[in-house]
Amino acid sequence: MSENQTAEILKSVKLDKGLTDDSLDEVISNFIKQAIDMVCLYVGEDTLPAKLETIVVRITEAHYVQSMNDADGVKSYSEEGASWSFNDNELGPYTTLLEKYISDRDGQGFKGRVMSW
């Protein structure tokens, strides 16, 4: 994982979440590292492919929301009329995309060919 890649992902997460100061950068960078490790392990890569950065951003944002609401380890959380639901497996919502990446990388993707006799 490159420092530049982590910095770009951190910038995206902060922009999405409206964070303007640097007080949570270390915590969010740790979430990013964990998400990168999970994605790379799943797809069998040593470094995060650029195509999968958005998945890391989304996993990081979900983890950020969960931890900032003191909801680590719970499936749902509600407060003052707002509620959140969390996945047991952080990769769960993205497995279809990850499988598509693996399929395309390994040359097993379909490009829409038509054959006739």
# chains A, B, ... in the order shown; residues from 1 in each chain; ligands from 1
$ residues_around --residues "Ile28 of chain A" --least-positions-apart "3" --cutoff "8 Å" --atoms "only C-alpha atoms" --output "list of chain:residue names"
A:Leu10, A:Leu24, A:Asp25, A:Phe31, A:Ile32, A:Thr60, A:Tyr64
$ closest_residue --among "A:Ala50, A:Glu61, A:Ile36, A:Gly44" --to "Leu15 of chain A" --atoms "only C-alpha atoms"
A:Glu61
$ closest_residue --among "A:Glu99, A:Ala35, A:Ser29, A:Ala62" --to "Asn4 of chain A" --atoms "only C-alpha atoms"
A:Ser29
$ closest_residue --among "A:Gly18, A:Asn89, A:Val43, A:Gln66" --to "Asp104 of chain A" --atoms "only C-alpha atoms"
A:Val43
$ atom_distance --atom1 "atom CA of Val65 of chain A" --atom2 "atom CA of Lys14 of chain A"
12.1 Å
$ residues_around --residues "Asp37 of chain A" --least-positions-apart "4" --cutoff "10 Å" --atoms "only C-alpha atoms" --output "list in words"
Met1, Phe31, Ile32, Lys33, Leu41, Tyr42, Glu45, Asp46, Thr47, Leu48 and Val56 of chain A
$ closest_residue --among "A:Lys17, A:Lys51, A:Lys11, A:Arg58" --to "Pro93 of chain A" --atoms "only C-alpha atoms"
A:Arg58
$ select_by_dssp --residues "segment 6-105 of chain A" --states "helix (DSSP H, G or I)" --output "compact mmCIF listing (two decimals) with all heavy atoms, in the first residue's frame"
# COMPACT_ATOMS: atom_id res chain seq x y z
N THR A 6 -3.07 5.88 0.15
CA THR A 6 -3.76 6.04 1.43
C THR A 6 -4.18 7.50 1.62
O THR A 6 -5.30 7.77 2.06
CB THR A 6 -2.86 5.59 2.60
OG1 THR A 6 -2.49 4.24 2.40
CG2 THR A 6 -3.56 5.75 3.93
N ALA A 7 -3.30 8.43 1.27
CA ALA A 7 -3.62 9.86 1.41
C ALA A 7 -4.79 10.25 0.51
O ALA A 7 -5.66 11.03 0.93
CB ALA A 7 -2.39 10.70 1.08
N GLU A 8 -4.85 9.71 -0.70
CA GLU A 8 -5.96 10.02 -1.60
C GLU A 8 -7.28 9.44 -1.08
O GLU A 8 -8.32 10.08 -1.18
CB GLU A 8 -5.66 9.50 -3.01
CG GLU A 8 -4.64 10.33 -3.76
CD GLU A 8 -5.06 11.78 -3.93
OE1 GLU A 8 -6.21 12.03 -4.35
OE2 GLU A 8 -4.24 12.66 -3.62
N ILE A 9 -7.21 8.23 -0.54
CA ILE A 9 -8.42 7.62 0.03
C ILE A 9 -8.87 8.41 1.25
O ILE A 9 -10.06 8.68 1.43
CB ILE A 9 -8.18 6.13 0.35
CG1 ILE A 9 -7.96 5.35 -0.95
CG2 ILE A 9 -9.35 5.55 1.14
CD1 ILE A 9 -7.49 3.92 -0.75
N LEU A 10 -7.93 8.81 2.10
CA LEU A 10 -8.24 9.63 3.27
C LEU A 10 -8.92 10.93 2.84
O LEU A 10 -9.93 11.34 3.43
CB LEU A 10 -6.98 9.93 4.08
CG LEU A 10 -7.13 10.86 5.28
CD1 LEU A 10 -8.06 10.26 6.32
CD2 LEU A 10 -5.76 11.16 5.88
N LYS A 11 -8.40 11.55 1.80
CA LYS A 11 -8.98 12.79 1.29
C LYS A 11 -10.43 12.57 0.85
O LYS A 11 -11.31 13.37 1.14
CB LYS A 11 -8.13 13.29 0.12
CG LYS A 11 -8.54 14.60 -0.45
CD LYS A 11 -7.58 15.00 -1.56
CE LYS A 11 -8.04 16.24 -2.29
NZ LYS A 11 -7.13 16.59 -3.40
N SER A 12 -10.69 11.46 0.15
CA SER A 12 -12.05 11.14 -0.30
C SER A 12 -13.00 10.92 0.87
O SER A 12 -14.14 11.41 0.87
CB SER A 12 -12.04 9.88 -1.17
OG SER A 12 -11.39 10.12 -2.38
N VAL A 13 -12.54 10.16 1.87
CA VAL A 13 -13.38 9.89 3.05
C VAL A 13 -13.71 11.18 3.77
O VAL A 13 -14.87 11.43 4.13
CB VAL A 13 -12.69 8.88 4.00
CG1 VAL A 13 -13.44 8.76 5.32
CG2 VAL A 13 -12.57 7.52 3.33
N LYS A 14 -12.71 12.03 3.97
CA LYS A 14 -12.94 13.29 4.68
C LYS A 14 -13.90 14.19 3.91
O LYS A 14 -14.77 14.83 4.50
CB LYS A 14 -11.61 14.00 4.93
CG LYS A 14 -10.77 13.31 5.99
CD LYS A 14 -9.42 13.95 6.17
CE LYS A 14 -9.53 15.30 6.82
NZ LYS A 14 -8.22 15.88 7.16
N LEU A 15 -13.78 14.22 2.59
CA LEU A 15 -14.68 15.02 1.77
C LEU A 15 -16.10 14.49 1.88
O LEU A 15 -17.05 15.26 2.10
CB LEU A 15 -14.21 15.01 0.31
CG LEU A 15 -15.06 15.81 -0.68
CD1 LEU A 15 -15.02 17.29 -0.35
CD2 LEU A 15 -14.57 15.55 -2.10
N ASP A 16 -16.26 13.18 1.76
CA ASP A 16 -17.59 12.56 1.86
C ASP A 16 -18.24 12.81 3.22
O ASP A 16 -19.46 12.97 3.30
CB ASP A 16 -17.52 11.05 1.61
CG ASP A 16 -17.27 10.69 0.16
OD1 ASP A 16 -17.29 11.59 -0.71
OD2 ASP A 16 -17.03 9.50 -0.11
N LYS A 17 -17.45 12.79 4.26
CA LYS A 17 -17.99 12.92 5.62
C LYS A 17 -17.96 14.36 6.14
O LYS A 17 -18.35 14.62 7.28
CB LYS A 17 -17.21 12.01 6.59
CG LYS A 17 -17.45 10.54 6.31
CD LYS A 17 -18.89 10.22 6.51
CE LYS A 17 -19.31 8.90 5.98
NZ LYS A 17 -20.76 8.77 5.90
N ASP A 25 -7.40 11.96 11.41
CA ASP A 25 -6.64 11.37 10.30
C ASP A 25 -5.97 10.05 10.67
O ASP A 25 -6.00 9.11 9.88
CB ASP A 25 -5.58 12.34 9.79
CG ASP A 25 -6.17 13.45 8.94
OD1 ASP A 25 -7.42 13.56 8.87
OD2 ASP A 25 -5.38 14.21 8.35
N GLU A 26 -5.41 9.97 11.85
CA GLU A 26 -4.72 8.73 12.26
C GLU A 26 -5.72 7.57 12.39
O GLU A 26 -5.46 6.46 11.92
CB GLU A 26 -3.98 8.95 13.58
CG GLU A 26 -3.09 7.79 13.95
CD GLU A 26 -2.25 8.07 15.19
OE1 GLU A 26 -2.17 9.23 15.64
OE2 GLU A 26 -1.66 7.10 15.71
N VAL A 27 -6.86 7.83 12.99
CA VAL A 27 -7.88 6.80 13.16
C VAL A 27 -8.43 6.36 11.80
O VAL A 27 -8.53 5.17 11.52
CB VAL A 27 -9.04 7.32 14.06
CG1 VAL A 27 -10.20 6.35 14.08
CG2 VAL A 27 -8.53 7.58 15.47
N ILE A 28 -8.77 7.33 10.96
CA ILE A 28 -9.32 6.99 9.64
C ILE A 28 -8.28 6.28 8.79
O ILE A 28 -8.61 5.33 8.07
CB ILE A 28 -9.88 8.25 8.95
CG1 ILE A 28 -11.06 8.81 9.75
CG2 ILE A 28 -10.30 7.93 7.52
CD1 ILE A 28 -11.55 10.16 9.28
N SER A 29 -7.03 6.70 8.88
CA SER A 29 -5.96 6.02 8.13
C SER A 29 -5.82 4.57 8.58
O SER A 29 -5.54 3.68 7.76
CB SER A 29 -4.63 6.75 8.31
OG SER A 29 -4.68 8.01 7.68
N ASN A 30 -6.04 4.30 9.85
CA ASN A 30 -6.03 2.93 10.34
C ASN A 30 -7.19 2.13 9.75
O ASN A 30 -7.03 0.98 9.35
CB ASN A 30 -6.07 2.91 11.87
CG ASN A 30 -5.89 1.52 12.42
OD1 ASN A 30 -4.98 0.79 12.04
ND2 ASN A 30 -6.77 1.12 13.32
N PHE A 31 -8.38 2.74 9.69
CA PHE A 31 -9.53 2.08 9.05
C PHE A 31 -9.22 1.77 7.58
O PHE A 31 -9.57 0.71 7.07
CB PHE A 31 -10.78 2.95 9.12
CG PHE A 31 -11.33 3.22 10.50
CD1 PHE A 31 -12.21 4.26 10.70
CD2 PHE A 31 -10.97 2.44 11.59
CE1 PHE A 31 -12.74 4.53 11.95
CE2 PHE A 31 -11.50 2.69 12.85
CZ PHE A 31 -12.37 3.73 13.03
N ILE A 32 -8.57 2.73 6.91
CA ILE A 32 -8.21 2.55 5.50
C ILE A 32 -7.26 1.37 5.35
O ILE A 32 -7.45 0.53 4.47
CB ILE A 32 -7.59 3.84 4.92
CG1 ILE A 32 -8.64 4.94 4.83
CG2 ILE A 32 -6.94 3.57 3.56
CD1 ILE A 32 -8.08 6.32 4.56
N LYS A 33 -6.25 1.30 6.20
CA LYS A 33 -5.29 0.19 6.14
C LYS A 33 -6.00 -1.15 6.32
O LYS A 33 -5.75 -2.10 5.58
CB LYS A 33 -4.20 0.34 7.20
CG LYS A 33 -3.18 -0.78 7.16
CD LYS A 33 -2.29 -0.79 8.39
CE LYS A 33 -1.33 -1.95 8.40
NZ LYS A 33 -1.92 -3.27 8.20
N GLN A 34 -6.91 -1.22 7.29
CA GLN A 34 -7.65 -2.45 7.53
C GLN A 34 -8.50 -2.83 6.30
O GLN A 34 -8.54 -4.00 5.90
CB GLN A 34 -8.54 -2.31 8.75
CG GLN A 34 -7.77 -2.18 10.05
CD GLN A 34 -8.66 -1.79 11.21
OE1 GLN A 34 -9.87 -1.94 11.18
NE2 GLN A 34 -8.05 -1.27 12.26
N ALA A 35 -9.17 -1.84 5.71
CA ALA A 35 -10.00 -2.10 4.54
C ALA A 35 -9.15 -2.55 3.35
O ALA A 35 -9.52 -3.49 2.63
CB ALA A 35 -10.81 -0.85 4.17
N ILE A 36 -8.01 -1.92 3.15
CA ILE A 36 -7.11 -2.32 2.07
C ILE A 36 -6.65 -3.75 2.28
O ILE A 36 -6.64 -4.56 1.34
CB ILE A 36 -5.91 -1.35 1.96
CG1 ILE A 36 -6.36 -0.01 1.38
CG2 ILE A 36 -4.79 -1.95 1.10
CD1 ILE A 36 -5.30 1.08 1.39
N ASP A 37 -6.27 -4.09 3.51
CA ASP A 37 -5.83 -5.46 3.81
C ASP A 37 -6.93 -6.48 3.49
O ASP A 37 -6.66 -7.52 2.89
CB ASP A 37 -5.42 -5.59 5.28
CG ASP A 37 -4.10 -4.91 5.60
OD1 ASP A 37 -3.38 -4.51 4.66
OD2 ASP A 37 -3.80 -4.76 6.80
N MET A 38 -8.17 -6.17 3.87
CA MET A 38 -9.28 -7.10 3.62
C MET A 38 -9.53 -7.27 2.12
O MET A 38 -9.71 -8.39 1.64
CB MET A 38 -10.56 -6.61 4.30
CG MET A 38 -10.54 -6.74 5.81
SD MET A 38 -12.13 -6.37 6.57
CE MET A 38 -12.33 -4.65 6.22
N VAL A 39 -9.56 -6.17 1.39
CA VAL A 39 -9.82 -6.23 -0.05
C VAL A 39 -8.69 -6.97 -0.77
O VAL A 39 -8.95 -7.84 -1.60
CB VAL A 39 -10.04 -4.82 -0.63
CG1 VAL A 39 -10.04 -4.84 -2.16
CG2 VAL A 39 -11.34 -4.21 -0.10
N CYS A 40 -7.45 -6.64 -0.44
CA CYS A 40 -6.31 -7.30 -1.08
C CYS A 40 -6.29 -8.80 -0.78
O CYS A 40 -6.02 -9.60 -1.68
CB CYS A 40 -4.99 -6.66 -0.65
SG CYS A 40 -4.70 -5.05 -1.40
N LEU A 41 -6.60 -9.16 0.43
CA LEU A 41 -6.65 -10.58 0.78
C LEU A 41 -7.74 -11.29 -0.01
O LEU A 41 -7.51 -12.37 -0.55
CB LEU A 41 -6.90 -10.74 2.29
CG LEU A 41 -6.95 -12.17 2.82
CD1 LEU A 41 -5.61 -12.86 2.62
CD2 LEU A 41 -7.33 -12.17 4.29
N TYR A 42 -8.89 -10.67 -0.14
CA TYR A 42 -10.01 -11.28 -0.85
C TYR A 42 -9.68 -11.51 -2.33
O TYR A 42 -9.98 -12.56 -2.89
CB TYR A 42 -11.27 -10.42 -0.73
CG TYR A 42 -12.51 -11.12 -1.24
CD1 TYR A 42 -13.31 -11.85 -0.37
CD2 TYR A 42 -12.87 -11.08 -2.58
CE1 TYR A 42 -14.44 -12.51 -0.82
CE2 TYR A 42 -13.99 -11.73 -3.05
CZ TYR A 42 -14.78 -12.45 -2.16
OH TYR A 42 -15.89 -13.11 -2.62
N VAL A 43 -9.07 -10.52 -2.97
CA VAL A 43 -8.80 -10.62 -4.41
C VAL A 43 -7.43 -11.23 -4.72
O VAL A 43 -7.10 -11.45 -5.88
CB VAL A 43 -8.96 -9.27 -5.14
CG1 VAL A 43 -10.37 -8.75 -5.00
CG2 VAL A 43 -7.94 -8.25 -4.69
N ALA A 50 -6.17 0.15 -8.32
CA ALA A 50 -6.88 1.43 -8.36
C ALA A 50 -8.37 1.25 -8.55
O ALA A 50 -9.17 2.01 -7.99
CB ALA A 50 -6.29 2.32 -9.45
N LYS A 51 -8.77 0.23 -9.31
CA LYS A 51 -10.18 -0.03 -9.55
C LYS A 51 -10.96 -0.32 -8.28
O LYS A 51 -12.18 -0.21 -8.26
CB LYS A 51 -10.37 -1.20 -10.50
CG LYS A 51 -9.99 -0.93 -11.91
CD LYS A 51 -10.25 -2.15 -12.77
CE LYS A 51 -9.97 -1.86 -14.22
NZ LYS A 51 -10.29 -3.00 -15.08
N LEU A 52 -10.27 -0.74 -7.23
CA LEU A 52 -10.95 -1.14 -6.00
C LEU A 52 -10.89 -0.08 -4.90
O LEU A 52 -11.36 -0.31 -3.79
CB LEU A 52 -10.36 -2.47 -5.50
CG LEU A 52 -10.45 -3.63 -6.50
CD1 LEU A 52 -9.82 -4.88 -5.91
CD2 LEU A 52 -11.89 -3.89 -6.92
N GLU A 53 -10.34 1.08 -5.20
CA GLU A 53 -10.23 2.14 -4.20
C GLU A 53 -11.59 2.59 -3.68
O GLU A 53 -11.74 2.87 -2.50
CB GLU A 53 -9.46 3.33 -4.75
CG GLU A 53 -7.97 3.07 -4.86
CD GLU A 53 -7.20 4.26 -5.40
OE1 GLU A 53 -7.79 5.36 -5.58
OE2 GLU A 53 -5.99 4.10 -5.63
N THR A 54 -12.59 2.65 -4.55
CA THR A 54 -13.92 3.09 -4.12
C THR A 54 -14.49 2.14 -3.07
O THR A 54 -15.16 2.59 -2.12
CB THR A 54 -14.88 3.19 -5.33
OG1 THR A 54 -14.34 4.16 -6.24
CG2 THR A 54 -16.26 3.62 -4.91
N ILE A 55 -14.24 0.86 -3.23
CA ILE A 55 -14.72 -0.11 -2.24
C ILE A 55 -14.06 0.17 -0.89
O ILE A 55 -14.72 0.14 0.15
CB ILE A 55 -14.47 -1.55 -2.71
CG1 ILE A 55 -15.36 -1.85 -3.93
CG2 ILE A 55 -14.70 -2.55 -1.59
CD1 ILE A 55 -15.09 -3.18 -4.59
N VAL A 56 -12.77 0.47 -0.90
CA VAL A 56 -12.06 0.79 0.34
C VAL A 56 -12.63 2.06 0.97
O VAL A 56 -12.83 2.12 2.19
CB VAL A 56 -10.53 0.92 0.09
CG1 VAL A 56 -9.83 1.51 1.31
CG2 VAL A 56 -9.94 -0.43 -0.28
N VAL A 57 -12.94 3.06 0.14
CA VAL A 57 -13.56 4.29 0.66
C VAL A 57 -14.87 3.95 1.36
O VAL A 57 -15.13 4.39 2.48
CB VAL A 57 -13.78 5.32 -0.47
CG1 VAL A 57 -14.66 6.48 0.00
CG2 VAL A 57 -12.46 5.85 -0.99
N ARG A 58 -15.72 3.17 0.72
CA ARG A 58 -17.04 2.83 1.28
C ARG A 58 -16.93 2.00 2.56
O ARG A 58 -17.66 2.24 3.52
CB ARG A 58 -17.89 2.09 0.24
CG ARG A 58 -18.20 2.90 -0.98
CD ARG A 58 -19.06 4.10 -0.63
NE ARG A 58 -19.29 4.90 -1.81
CZ ARG A 58 -19.20 6.22 -1.83
NH1 ARG A 58 -18.90 6.88 -0.75
NH2 ARG A 58 -19.43 6.88 -2.93
N ILE A 59 -16.01 1.04 2.58
CA ILE A 59 -15.81 0.24 3.79
C ILE A 59 -15.32 1.14 4.93
O ILE A 59 -15.78 1.04 6.07
CB ILE A 59 -14.81 -0.91 3.55
CG1 ILE A 59 -15.43 -1.95 2.61
CG2 ILE A 59 -14.37 -1.56 4.86
CD1 ILE A 59 -14.44 -3.00 2.11
N THR A 60 -14.38 2.03 4.62
CA THR A 60 -13.84 2.95 5.62
C THR A 60 -14.92 3.86 6.17
O THR A 60 -15.02 4.07 7.38
CB THR A 60 -12.69 3.78 5.02
OG1 THR A 60 -11.67 2.90 4.54
CG2 THR A 60 -12.11 4.74 6.04
N GLU A 61 -15.76 4.39 5.28
CA GLU A 61 -16.84 5.27 5.73
C GLU A 61 -17.82 4.54 6.63
O GLU A 61 -18.25 5.08 7.66
CB GLU A 61 -17.56 5.88 4.53
CG GLU A 61 -16.73 6.89 3.80
CD GLU A 61 -17.37 7.43 2.54
OE1 GLU A 61 -18.44 6.93 2.12
OE2 GLU A 61 -16.79 8.38 1.98
N ALA A 62 -18.15 3.31 6.28
CA ALA A 62 -19.07 2.52 7.12
C ALA A 62 -18.45 2.26 8.49
O ALA A 62 -19.13 2.37 9.52
CB ALA A 62 -19.41 1.21 6.43
N HIS A 63 -17.17 1.93 8.50
CA HIS A 63 -16.48 1.67 9.77
C HIS A 63 -16.40 2.96 10.59
O HIS A 63 -16.57 2.94 11.81
CB HIS A 63 -15.09 1.10 9.51
CG HIS A 63 -14.48 0.48 10.70
ND1 HIS A 63 -14.40 -0.88 10.87
CD2 HIS A 63 -13.93 1.02 11.81
CE1 HIS A 63 -13.82 -1.15 12.02
NE2 HIS A 63 -13.53 -0.01 12.61
N TYR A 64 -16.16 4.08 9.93
CA TYR A 64 -16.10 5.37 10.61
C TYR A 64 -17.44 5.67 11.29
O TYR A 64 -17.48 6.02 12.47
CB TYR A 64 -15.75 6.47 9.60
CG TYR A 64 -15.96 7.87 10.12
CD1 TYR A 64 -15.03 8.46 10.96
CD2 TYR A 64 -17.12 8.59 9.81
CE1 TYR A 64 -15.23 9.74 11.45
CE2 TYR A 64 -17.33 9.86 10.29
CZ TYR A 64 -16.38 10.43 11.12
OH TYR A 64 -16.60 11.69 11.61
N VAL A 65 -18.54 5.53 10.55
CA VAL A 65 -19.87 5.80 11.12
C VAL A 65 -20.14 4.89 12.31
O VAL A 65 -20.60 5.33 13.36
CB VAL A 65 -20.98 5.63 10.04
CG1 VAL A 65 -22.36 5.61 10.67
CG2 VAL A 65 -20.87 6.73 9.01
N GLN A 66 -19.78 3.62 12.15
CA GLN A 66 -20.02 2.65 13.23
C GLN A 66 -19.21 3.01 14.47
O GLN A 66 -19.74 3.01 15.58
CB GLN A 66 -19.68 1.25 12.74
CG GLN A 66 -20.11 0.16 13.68
CD GLN A 66 -19.94 -1.22 13.07
OE1 GLN A 66 -19.39 -1.38 11.98
NE2 GLN A 66 -20.41 -2.22 13.75
N SER A 67 -17.95 3.33 14.30
CA SER A 67 -17.11 3.60 15.47
C SER A 67 -17.41 4.97 16.10
O SER A 67 -17.35 5.12 17.31
CB SER A 67 -15.63 3.50 15.12
OG SER A 67 -15.25 4.55 14.27
N MET A 68 -17.76 5.96 15.29
CA MET A 68 -18.06 7.28 15.82
C MET A 68 -19.38 7.29 16.60
O MET A 68 -19.62 8.19 17.39
CB MET A 68 -18.09 8.33 14.72
CG MET A 68 -16.74 8.60 14.08
SD MET A 68 -15.49 9.14 15.27
CE MET A 68 -14.27 7.86 15.10
N GLY A 92 -19.14 -7.91 2.66
CA GLY A 92 -20.39 -8.48 2.16
C GLY A 92 -21.06 -7.69 1.05
O GLY A 92 -21.39 -8.24 0.00
N PRO A 93 -21.28 -6.38 1.24
CA PRO A 93 -21.97 -5.63 0.19
C PRO A 93 -21.18 -5.50 -1.11
O PRO A 93 -21.73 -5.10 -2.13
CB PRO A 93 -22.16 -4.24 0.82
CG PRO A 93 -22.01 -4.44 2.28
CD PRO A 93 -21.07 -5.59 2.44
N TYR A 94 -19.90 -5.83 -1.07
CA TYR A 94 -19.03 -5.61 -2.22
C TYR A 94 -18.53 -6.89 -2.88
O TYR A 94 -17.76 -6.84 -3.83
CB TYR A 94 -17.83 -4.75 -1.80
CG TYR A 94 -18.28 -3.53 -1.05
CD1 TYR A 94 -18.17 -3.46 0.34
CD2 TYR A 94 -18.88 -2.46 -1.71
CE1 TYR A 94 -18.63 -2.36 1.04
CE2 TYR A 94 -19.35 -1.36 -1.02
CZ TYR A 94 -19.22 -1.32 0.36
OH TYR A 94 -19.68 -0.23 1.05
N THR A 95 -18.99 -8.05 -2.40
CA THR A 95 -18.46 -9.31 -2.94
C THR A 95 -18.77 -9.47 -4.42
O THR A 95 -17.93 -10.00 -5.16
CB THR A 95 -18.95 -10.54 -2.15
OG1 THR A 95 -20.37 -10.52 -2.08
CG2 THR A 95 -18.36 -10.58 -0.76
N THR A 96 -19.92 -9.01 -4.88
CA THR A 96 -20.23 -9.11 -6.31
C THR A 96 -19.21 -8.31 -7.13
O THR A 96 -18.71 -8.80 -8.15
CB THR A 96 -21.66 -8.62 -6.60
OG1 THR A 96 -22.57 -9.40 -5.84
CG2 THR A 96 -21.99 -8.71 -8.08
N LEU A 97 -18.90 -7.11 -6.69
CA LEU A 97 -17.92 -6.29 -7.40
C LEU A 97 -16.52 -6.91 -7.32
O LEU A 97 -15.78 -6.90 -8.30
CB LEU A 97 -17.90 -4.87 -6.82
CG LEU A 97 -19.16 -4.05 -7.02
CD1 LEU A 97 -19.07 -2.74 -6.24
CD2 LEU A 97 -19.39 -3.78 -8.49
N LEU A 98 -16.17 -7.43 -6.15
CA LEU A 98 -14.86 -8.06 -5.99
C LEU A 98 -14.74 -9.30 -6.87
O LEU A 98 -13.70 -9.54 -7.50
CB LEU A 98 -14.60 -8.39 -4.52
CG LEU A 98 -14.48 -7.18 -3.59
CD1 LEU A 98 -14.49 -7.63 -2.14
CD2 LEU A 98 -13.25 -6.36 -3.91
N GLU A 99 -15.80 -10.08 -6.93
CA GLU A 99 -15.80 -11.27 -7.79
C GLU A 99 -15.70 -10.88 -9.26
O GLU A 99 -15.02 -11.54 -10.05
CB GLU A 99 -17.05 -12.12 -7.54
CG GLU A 99 -17.06 -12.82 -6.19
CD GLU A 99 -15.97 -13.88 -6.04
OE1 GLU A 99 -15.55 -14.47 -7.05
OE2 GLU A 99 -15.54 -14.10 -4.89
N LYS A 100 -16.35 -9.80 -9.64
CA LYS A 100 -16.27 -9.29 -11.01
C LYS A 100 -14.84 -8.87 -11.32
O LYS A 100 -14.31 -9.17 -12.41
CB LYS A 100 -17.24 -8.12 -11.19
CG LYS A 100 -17.12 -7.39 -12.50
CD LYS A 100 -17.69 -8.20 -13.65
CE LYS A 100 -17.72 -7.35 -14.91
NZ LYS A 100 -17.12 -8.00 -16.04
N TYR A 101 -14.19 -8.19 -10.39
CA TYR A 101 -12.79 -7.79 -10.58
C TYR A 101 -11.91 -9.03 -10.80
O TYR A 101 -11.10 -9.08 -11.73
CB TYR A 101 -12.27 -6.99 -9.38
CG TYR A 101 -10.78 -6.79 -9.44
CD1 TYR A 101 -10.23 -5.79 -10.23
CD2 TYR A 101 -9.93 -7.66 -8.76
CE1 TYR A 101 -8.86 -5.65 -10.33
CE2 TYR A 101 -8.55 -7.52 -8.86
CZ TYR A 101 -8.03 -6.51 -9.64
OH TYR A 101 -6.67 -6.38 -9.75
N ILE A 102 -12.09 -10.03 -9.94
CA ILE A 102 -11.29 -11.27 -10.04
C ILE A 102 -11.54 -11.94 -11.39
O ILE A 102 -10.59 -12.37 -12.06
CB ILE A 102 -11.62 -12.23 -8.87
CG1 ILE A 102 -11.14 -11.63 -7.54
CG2 ILE A 102 -11.00 -13.59 -9.11
CD1 ILE A 102 -11.67 -12.35 -6.31
N SER A 103 -12.78 -12.03 -11.78
CA SER A 103 -13.14 -12.66 -13.05
C SER A 103 -12.50 -11.93 -14.24
O SER A 103 -11.92 -12.55 -15.13
CB SER A 103 -14.66 -12.69 -13.20
OG SER A 103 -15.03 -13.24 -14.42
N ASP A 104 -12.59 -10.61 -14.24
CA ASP A 104 -11.99 -9.82 -15.32
C ASP A 104 -10.47 -9.93 -15.31
O ASP A 104 -9.84 -10.09 -16.36
CB ASP A 104 -12.40 -8.36 -15.20
CG ASP A 104 -13.85 -8.12 -15.57
OD1 ASP A 104 -14.50 -9.04 -16.09
OD2 ASP A 104 -14.34 -6.99 -15.31
N ARG A 105 -9.88 -9.86 -14.13
CA ARG A 105 -8.42 -9.96 -14.01
C ARG A 105 -7.91 -11.29 -14.53
O ARG A 105 -6.88 -11.37 -15.18
CB ARG A 105 -8.01 -9.79 -12.54
CG ARG A 105 -6.50 -9.90 -12.30
CD ARG A 105 -6.16 -10.17 -10.87
NE ARG A 105 -6.72 -11.45 -10.45
CZ ARG A 105 -6.91 -11.79 -9.18
NH1 ARG A 105 -6.61 -10.94 -8.22
NH2 ARG A 105 -7.41 -12.96 -8.87
